Amino acid sequence: MSSQDEQFQAAAPEPGAPCADDGMTWWYRWLCRMAGVAGGLSCAFAGLWSCVTINPLNIAAGVWMMLNAFVLFLCEAPFCCQFIEFANAVSARADKLRPWQKAAFYCGMAVFPVVLSLTLTTLFGNAIAFATGVLYGLSALGKKGDAISYARIHQQQKQMDEEKLTGALEGQAL
């Protein structure tokens, strides 16, 4: 079995495995992917620009930003990394992660270079990568409820409050 066959088997879902339905619509999933690719591009260019200096912290932040770009491309757009054998396997594993895990990972990756060297280049270069994490975090919160269910909940709470109030008034009258 070649390494390419192993990659396709790793990327293909198992027959008995449940589908990872995280509640994201197709257009929101594509929005998150496109934001990840745009975040990778911004991290790559800003990281390269940040490395053109003599300050070692800026160079370290730039290298980290280019690493962020590579990870974003690997997880969100593995077709950009066709020359890497394990790209499809990494992308398949990243797709199995829950949205809040991706959010924490992407936001953490984007914050580290800013903490390392707070410059406009690192701040603006990591902004889209951080926004990708925020988009995944928002999808982890779930869908907004409808007005009818909120009205029912509000009505039930109101009835419970009235029952407590009438019970307290009856207790005082005795």
# chains A, B, ... in the order shown; residues from 1 in each chain; ligands from 1
call {"tool": "residues_around", "arguments": {"residues": "Gly133 of chain A", "least_positions_apart": "6", "cutoff": "6 Å", "atoms": "only C-alpha atoms", "output": "list in words"}}
result
Ala103, Tyr106 and Cys107 of chain A
call {"tool": "residues_around", "arguments": {"residues": "segment 29-43 of chain A", "least_positions_apart": "3", "cutoff": "7 Å", "atoms": "only C-alpha atoms", "output": "list of chain:residue names"}}
result
A:Met24, A:Thr25, A:Trp26, A:Ala46, A:Gly47, A:Met65, A:Met66, A:Asn68, A:Ala69, A:Phe70, A:Leu72, A:Phe73, A:Glu76, A:Ala77, A:Gly125, A:Asn126, A:Ile128, A:Ala129, A:Thr132, A:Leu135, A:Tyr136
call {"tool": "write_last_selection", "arguments": {"atoms": "N, CA and C atoms", "output": "PDB file, in the first residue's frame"}}
result
ATOM      1  N   MET A  24     -23.275  23.707  11.495  1.00  0.00           N
ATOM      2  CA  MET A  24     -22.889  24.815  10.635  1.00  0.00           C
ATOM      3  C   MET A  24     -23.534  24.638   9.262  1.00  0.00           C
ATOM      4  N   THR A  25     -24.029  25.724   8.704  1.00  0.00           N
ATOM      5  CA  THR A  25     -24.567  25.661   7.353  1.00  0.00           C
ATOM      6  C   THR A  25     -23.406  25.634   6.361  1.00  0.00           C
ATOM      7  N   TRP A  26     -23.721  25.252   5.137  1.00  0.00           N
ATOM      8  CA  TRP A  26     -22.660  25.118   4.145  1.00  0.00           C
ATOM      9  C   TRP A  26     -22.004  26.452   3.842  1.00  0.00           C
ATOM     10  N   ALA A  46       2.661  39.332   6.282  1.00  0.00           N
ATOM     11  CA  ALA A  46       3.095  40.130   7.431  1.00  0.00           C
ATOM     12  C   ALA A  46       4.276  39.460   8.140  1.00  0.00           C
ATOM     13  N   GLY A  47       4.294  38.137   8.166  1.00  0.00           N
ATOM     14  CA  GLY A  47       5.434  37.434   8.772  1.00  0.00           C
ATOM     15  C   GLY A  47       6.714  37.648   7.997  1.00  0.00           C
ATOM     16  N   MET A  65       4.468  33.751  12.652  1.00  0.00           N
ATOM     17  CA  MET A  65       3.353  34.105  11.772  1.00  0.00           C
ATOM     18  C   MET A  65       3.382  33.276  10.486  1.00  0.00           C
ATOM     19  N   MET A  66       4.559  33.024   9.957  1.00  0.00           N
ATOM     20  CA  MET A  66       4.642  32.177   8.765  1.00  0.00           C
ATOM     21  C   MET A  66       4.268  30.732   9.099  1.00  0.00           C
ATOM     22  N   ASN A  68       2.055  30.023  11.413  1.00  0.00           N
ATOM     23  CA  ASN A  68       0.591  30.131  11.495  1.00  0.00           C
ATOM     24  C   ASN A  68      -0.033  30.023  10.111  1.00  0.00           C
ATOM     25  N   ALA A  69       0.566  30.695   9.148  1.00  0.00           N
ATOM     26  CA  ALA A  69       0.051  30.659   7.783  1.00  0.00           C
ATOM     27  C   ALA A  69       0.085  29.228   7.244  1.00  0.00           C
ATOM     28  N   PHE A  70       1.177  28.530   7.496  1.00  0.00           N
ATOM     29  CA  PHE A  70       1.290  27.154   7.036  1.00  0.00           C
ATOM     30  C   PHE A  70       0.227  26.264   7.674  1.00  0.00           C
ATOM     31  N   LEU A  72      -2.681  27.227   8.943  1.00  0.00           N
ATOM     32  CA  LEU A  72      -3.992  27.612   8.416  1.00  0.00           C
ATOM     33  C   LEU A  72      -4.222  27.027   7.025  1.00  0.00           C
ATOM     34  N   PHE A  73      -3.226  27.097   6.165  1.00  0.00           N
ATOM     35  CA  PHE A  73      -3.357  26.511   4.834  1.00  0.00           C
ATOM     36  C   PHE A  73      -3.521  24.996   4.918  1.00  0.00           C
ATOM     37  N   GLU A  76      -7.224  24.393   6.545  1.00  0.00           N
ATOM     38  CA  GLU A  76      -8.387  24.931   5.852  1.00  0.00           C
ATOM     39  C   GLU A  76      -8.358  24.727   4.343  1.00  0.00           C
ATOM     40  N   ALA A  77      -7.193  24.671   3.750  1.00  0.00           N
ATOM     41  CA  ALA A  77      -7.095  24.518   2.304  1.00  0.00           C
ATOM     42  C   ALA A  77      -5.938  23.576   1.962  1.00  0.00           C
ATOM     43  N   GLY A 125      -1.364  41.665  10.783  1.00  0.00           N
ATOM     44  CA  GLY A 125      -1.131  40.387  10.107  1.00  0.00           C
ATOM     45  C   GLY A 125      -1.901  39.241  10.731  1.00  0.00           C
ATOM     46  N   ASN A 126      -2.111  39.281  12.027  1.00  0.00           N
ATOM     47  CA  ASN A 126      -2.822  38.211  12.718  1.00  0.00           C
ATOM     48  C   ASN A 126      -4.298  38.496  12.911  1.00  0.00           C
ATOM     49  N   ILE A 128      -6.841  38.731  10.777  1.00  0.00           N
ATOM     50  CA  ILE A 128      -7.765  37.871  10.031  1.00  0.00           C
ATOM     51  C   ILE A 128      -7.693  36.440  10.560  1.00  0.00           C
ATOM     52  N   ALA A 129      -6.517  35.999  10.964  1.00  0.00           N
ATOM     53  CA  ALA A 129      -6.404  34.665  11.562  1.00  0.00           C
ATOM     54  C   ALA A 129      -7.183  34.610  12.872  1.00  0.00           C
ATOM     55  N   THR A 132     -10.827  34.392  12.092  1.00  0.00           N
ATOM     56  CA  THR A 132     -11.219  33.027  11.747  1.00  0.00           C
ATOM     57  C   THR A 132     -11.565  32.245  13.006  1.00  0.00           C
ATOM     58  N   LEU A 135     -14.920  33.412  14.198  1.00  0.00           N
ATOM     59  CA  LEU A 135     -16.014  32.826  13.412  1.00  0.00           C
ATOM     60  C   LEU A 135     -16.313  31.401  13.852  1.00  0.00           C
ATOM     61  N   TYR A 136     -15.279  30.615  14.088  1.00  0.00           N
ATOM     62  CA  TYR A 136     -15.492  29.255  14.583  1.00  0.00           C
ATOM     63  C   TYR A 136     -16.086  29.281  15.994  1.00  0.00           C
TER      64      TYR A 136
END
call {"tool": "atom_distance", "arguments": {"atom1": "atom CA of Tyr28 of chain A", "atom2": "atom CA of Phe79 of chain A"}}
result
19.8 Å
call {"tool": "select_by_dssp", "arguments": {"residues": "segment 21-168 of chain A", "states": "alpha helix (DSSP H)", "output": "PyMOL selection string"}}
result
chain A and resi 26-50+56-76+87-96+99-116+120-125+127-141+147-168
call {"tool": "closest_residue", "arguments": {"among": "A:Leu97, A:Leu118, A:Ala89, A:Leu74", "to": "Leu57 of chain A", "atoms": "only C-alpha atoms"}}
result
A:Leu118
call {"tool": "closest_atom_pairs", "arguments": {"of": "segment 9-120 of chain A", "to": "segment 139-160 of chain A", "cutoff": "7 Å", "atoms": "only C-alpha atoms", "output": "JSON lines"}}
result
{"residue": "A:Gly23", "atom": "CA", "partner": "A:Gly142", "partner_atom": "CA", "distance": 7.0}
{"residue": "A:Met24", "atom": "CA", "partner": "A:Ser139", "partner_atom": "CA", "distance": 6.6}
{"residue": "A:Pro99", "atom": "CA", "partner": "A:Ala140", "partner_atom": "CA", "distance": 5.3}
{"residue": "A:Trp100", "atom": "CA", "partner": "A:Ala140", "partner_atom": "CA", "distance": 5.3}
call {"tool": "closest_residue", "arguments": {"among": "A:Cys75, A:Ala44, A:Leu120, A:Met109", "to": "Gly62 of chain A", "atoms": "only C-alpha atoms"}}
result
A:Ala44
call {"tool": "residues_around", "arguments": {"residues": "Ala60 of chain A", "least_positions_apart": "6", "cutoff": "9 Å", "atoms": "only C-alpha atoms", "output": "VMD selection string"}}
result
chain A and resid 50 to 51 113 116 to 117
